[in-house]
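These notes are about the structure you will find just below.
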Amino acid sequence: MNPDADVAAAQHSPLLKNLNPEQLAAVTAAPEPALILAGAGSGKTRVLTTRIAWLLQTGQVSPAGVMAVTFTNKAAKEMLARLSTMLPFNVRGMWIGTFHGLCNRFLRAHWKLAHLPQAFQILDASDTTSAVKRVIKAMKLDEERFVPKQVGWFIAGCKEDGLRPGDVEVRDDQTRKLVEIYANYEDQCQREGVVDFAELMLRSYELLRDNAAVREHYQHRFRHILVDEFQDTNKLQYAWLKMFCPPGRDQGQSLLAVGDDDQSIYAFRGARVGNMADFEREYRVRKVIKLEQNYRSFGHILDAANELISRNSQRLGKTLRTDAGQGEPIRVFEAPSDFAEAQWLIEEVQSLYRGGMDRQQIAILYRSNAQSRVIESALFNSGIPYRVYGGLRFFERAEVKHALAYLRLLENANDDTSFLRVVNFPTRGIGAKTLETLQDLAKASGRSLYQTVSAVPGKGGANLVAFTNLIDSTRNLTQGLTLREIIEQVLETSGLADFYRTDKDGAERLENLDELVNAAEAFVMQEGFGKNAVGLPVDEVAGPGTPGAVPDAETGEIMSPLVAFLTHASLEAGDNQAQAGQDAVQLMTVHSAKGLEFDAVFITGLEEGLFPHENAMSDHDGLEEERRLMYVAITRARQKLSMSFCQTRMLHGQTRYHIKSRFFDELPEESLKWLTPRNQGFGSGFAREYQAAWERGSGLKGMVGAGRVEKAAWVEPPVPASMKPKVSEEHGGLRVGKGVFHTKFGEGVLLTLEGAGADARAQVNFGRHGTKWLALSVAKLTPID
DNA sequence: ATGAGTTCTATTTTT
DNA sequence: TAGAACTCAT
């Protein structure tokens, strides 16, 4: 092939139409290491996917030679989806996925070399914590001094620095013990055939590092490696990438790193922004391409973002610009209390909605999850549908995890984590005492719990044997069944389904178990196996194309759909959001808003101590990360941006007095529109005066008397007439004082009806479930006699 | 085994 | 304040 001629011809490819000069440069960059500094809203995903498409179209690489790495499943899916609309190629040949997803794919193909069982299972965060907890217990250590979760972080931190227990520098007793726990934890995982998230990365890295043949195979195979969100990579991930494409060698391989140092907000989790600068140096990047043209926000919003972030030192340097015009200035509201802030949000949201904006185009952002409560209850009481991100995800729900534990035991009975989760759920007369005996015996003999049951004497032992018999017979019963049938069978024989059928509030959990069956069905349909599921690359697989299963790279052995599904469940916990109201206001932390965009954004709780958070304010780096977080928040907005802060806020059960965030002083005055009088600024101590006045019992009057009339905004605003509840007696067949039925809360008595139309709401006493306010536009209430 | 009572803790968390 | 995790009594 003649790349130059192809490249010249491809300049006219329809793919490249409508790209700006910087985007074009990034898409058509020469096959050498390149760094793309992609600002918020600069069309980064489009550049990434277009580049892959262009490389393929110009024949510079075949699908098997492409690897694209992301951090989230969502990003990977989006890339895959966009590519499949752009290309006639089979996208399955490419390695596109998350770091962990690709590591899984790699380890499944080389499980023997990696010293793993073929059906190894992946521990999620909570599995990891409980596994660590067991180690600490077995070592008879004080759980106060060695908090399982923290020890888990320590272990993950070591792994992310590439350190095995023997590599950790020990300088004090505490660390010595921690390393001991780490070592025992490793043994335990190995014995049980499970790996945690960090292990997926480290194990793959070590295999590549220590096995030249494997390493060279992949180096030769992947001609083009693209990495998204490079600023979020940790030390190990960068080292992992170097294994695929080592720096300082010109082999015609290209590593394209795309990132934005200004959006690095995960340093606390081990992300190293410094990897960007290191990359530029170590790979001798000749040209850094900056995508600074923003296609998302109006001028005032970008001015604010640029001005704020310019306060940070050690930036790679980037200024967003737009052709969209200035737009509206940022509205700033000072509220007397968190309650008043929420009330103001309600008014603003309703006015936007009346102005024709979709509710899902409105986002309310906050620094910490605890702030959502006040806002939620205000929204709830106003009958405005909303959706909170950050709740329990589907595969993390207790009942789902129980079902998965049974399924895991079918595949690998030595998985003690799963064993302990369900050995007595539903209850089988196996108590703590019996389990202690079992664990001691297992530890002494170096066997798994499952292998040890017969050694336990007495009634407890008999019950344990009954449990393993149940698992064994279920395994036999499910031989040859489809994945759907296996799960249905397990739900029945385990007694899980029956348990939730008789449990008084098991209905919802039963629904989730149904949903699990559906998810499995969808997984089988969608992945179809042999494709991207467990992800054995098709060109590496020698085995027969058995439908519904993936053959192993070396042996041609068939991997069961069940193992694939269990892997899927650990690697992708599902949507991180509560019940999906179609037309709902979006509530989330600033962290979870990263990567999203909305027509209207409210940044709330902009108070010193909260945002920037007090725990981050002490050191320079912490404050800079808070500033980047604020930068991320600002750049989420397309058209309208508002910011608010409170003088008083309920925190840890106490009313605290706050002053406005220093970030207000770092934004351009001309881009702000103060809805309340601007006060003296950061550090004025005004809130403390207010507090003092309040404590004297004089409240606001004292303040006004002291000549601070401009602080009238501190008075609770009167409820506007439009907001005054309209009380009625009857609504759609419902009558005050009569009975109603709700699908979740059951029967109740209607106490009050307020509002009309979309705002209509009802207060109902559900007895055992208490008295609740319900939005009639959302809640299904039916009258009963 | 279950429920009531007690104590502790509270920043963010892509996999 | 509120929730989770735990203890203790039934």
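Naming works like this for the structure tokens: A, B, ... for the chains as they're shown, residue 1 at the start of each chain, ligands 1 onward in shown order.
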*Kindly determine which residues of chain A lie within 6 Å of chain B, considering only C-alpha atoms (C1' of nucleotides), and give the answer as a list in words.*
Phe71, Thr72 and Ser368 of chain A
Residues just named, written with N, CA, C and O atoms as a PDB file, in the first residue's frame:
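Final output, saved to result36.pdb:
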ATOM      1  N   PHE A  71     -12.421   4.768  30.012  1.00  0.00           N
ATOM      2  CA  PHE A  71     -12.560   4.464  31.430  1.00  0.00           C
ATOM      3  C   PHE A  71     -13.917   3.879  31.770  1.00  0.00           C
ATOM      4  O   PHE A  71     -14.053   3.077  32.674  1.00  0.00           O
ATOM      5  N   THR A  72     -14.929   4.312  31.037  1.00  0.00           N
ATOM      6  CA  THR A  72     -16.269   3.851  31.373  1.00  0.00           C
ATOM      7  C   THR A  72     -16.849   2.987  30.256  1.00  0.00           C
ATOM      8  O   THR A  72     -16.509   3.151  29.080  1.00  0.00           O
ATOM      9  N   SER A 368     -21.315  17.287  47.255  1.00  0.00           N
ATOM     10  CA  SER A 368     -21.388  16.021  47.986  1.00  0.00           C
ATOM     11  C   SER A 368     -22.823  15.500  48.036  1.00  0.00           C
ATOM     12  O   SER A 368     -23.785  16.269  48.046  1.00  0.00           O
TER      13      SER A 368
END
Find the nearest atom pair between each residue of chain A and chain C for residues within 12 Å, count only C-alpha atoms (C1' of nucleotides), give distances in Å to one decimal, sort rows by chain and ascending number, and present the table as JSON lines.
{"residue": "A:Ala370", "atom": "CA", "partner": "C:DA2", "partner_atom": "C1'", "distance": 10.1}
{"residue": "A:Arg373", "atom": "CA", "partner": "C:DA2", "partner_atom": "C1'", "distance": 10.6}
{"residue": "A:Val374", "atom": "CA", "partner": "C:DT1", "partner_atom": "C1'", "distance": 11.5}
{"residue": "A:Arg649", "atom": "CA", "partner": "C:DT1", "partner_atom": "C1'", "distance": 11.7}
{"residue": "A:Met650", "atom": "CA", "partner": "C:DT1", "partner_atom": "C1'", "distance": 8.0}
{"residue": "A:Leu651", "atom": "CA", "partner": "C:DT1", "partner_atom": "C1'", "distance": 7.7}
{"residue": "A:His652", "atom": "CA", "partner": "C:DT1", "partner_atom": "C1'", "distance": 6.0}
{"residue": "A:Gly653", "atom": "CA", "partner": "C:DT1", "partner_atom": "C1'", "distance": 4.0}
{"residue": "A:Gln654", "atom": "CA", "partner": "C:DT1", "partner_atom": "C1'", "distance": 7.6}
{"residue": "A:Thr655", "atom": "CA", "partner": "C:DT1", "partner_atom": "C1'", "distance": 10.1}
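Here atom CA of A:Ala156 is placed at a distance of 29.0 Å from atom CA of A:Met94.
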*Using only C-alpha atoms (C1' of nucleotides), determine which residues lie at most 7 Å from A:Arg359, disregarding the query and same-chain residues fewer than 4 positions distant; provide the list as a PyMOL selection string.*
chain A and resi 353+583-585
Go ahead and save the residues from that selection, with all heavy atoms, as a CSV table (one decimal), in the first residue's frame.
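See result-v7.csv below for the written result:
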chain,number,residue,atom,x,y,z
A,353,TYR,N,-39.1,25.3,32.8
A,353,TYR,CA,-40.0,24.4,32.2
A,353,TYR,C,-41.2,25.1,31.5
A,353,TYR,O,-41.6,24.7,30.4
A,353,TYR,CB,-40.6,23.5,33.4
A,353,TYR,CG,-41.4,22.3,32.8
A,353,TYR,CD1,-40.9,21.3,32.0
A,353,TYR,CD2,-42.8,22.3,33.2
A,353,TYR,CE1,-41.7,20.3,31.6
A,353,TYR,CE2,-43.6,21.3,32.7
A,353,TYR,CZ,-43.1,20.3,31.9
A,353,TYR,OH,-43.8,19.2,31.4
A,583,ASP,N,-39.2,12.4,31.8
A,583,ASP,CA,-39.0,13.9,31.8
A,583,ASP,C,-38.7,14.4,33.2
A,583,ASP,O,-39.6,14.9,33.9
A,583,ASP,CB,-40.3,14.5,31.2
A,583,ASP,CG,-40.2,16.0,31.0
A,583,ASP,OD1,-39.0,16.4,30.8
A,583,ASP,OD2,-41.2,16.7,31.0
A,584,ALA,N,-37.5,14.1,33.6
A,584,ALA,CA,-37.1,14.4,35.0
A,584,ALA,C,-35.9,15.3,35.1
A,584,ALA,O,-35.0,15.2,34.3
A,584,ALA,CB,-36.9,13.1,35.7
A,585,VAL,N,-35.9,16.2,36.1
A,585,VAL,CA,-34.8,17.0,36.4
A,585,VAL,C,-33.6,16.1,36.9
A,585,VAL,O,-33.9,15.2,37.6
A,585,VAL,CB,-35.1,18.1,37.5
A,585,VAL,CG1,-33.9,18.9,37.9
A,585,VAL,CG2,-36.2,19.0,37.0
*Distance atom CA of A:Leu464-atom CA of A:Asp415, one decimal place?*
15.3 Å
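Across the structure, atom CA of A:Lys177 and atom CA of A:Arg145 are spaced 10.4 Å apart.
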*Output as a ChimeraX atom specification all residues of stretch 68-213 of chain A that backbone DSSP marks as strand (DSSP E or B).*
/A:68-70,95-98,121-122,194-195
*asked:* List the spatial neighbours of stretch 488-504 of chain A as a PyMOL selection string - criterion: any atom at most 12 Å away, only C-alpha atoms (C1' of nucleotides), same-chain residues fewer than 3 positions off excluded.
replied: chain A and resi 398-410+422-428+466-479+481-485+507-518+520-521+744-746
_Could you pull out the alpha helix (DSSP H) residues of stretch 90-277 of chain A, going by DSSP on the backbone, and write them as number ranges by chain?_
A: 99-109, 125-138, 148-160, 173-192, 197-210, 212-221, 235-244, 274-277
*Between A:Pro88, A:Ala363, A:Thr28, A:Gln343, which has the minimum distance to A:Phe380 (counting only C-alpha atoms)?*
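Between A:Pro88, A:Ala363, A:Thr28, A:Gln343, the residue approaching A:Phe380 most closely is A:Gln343.
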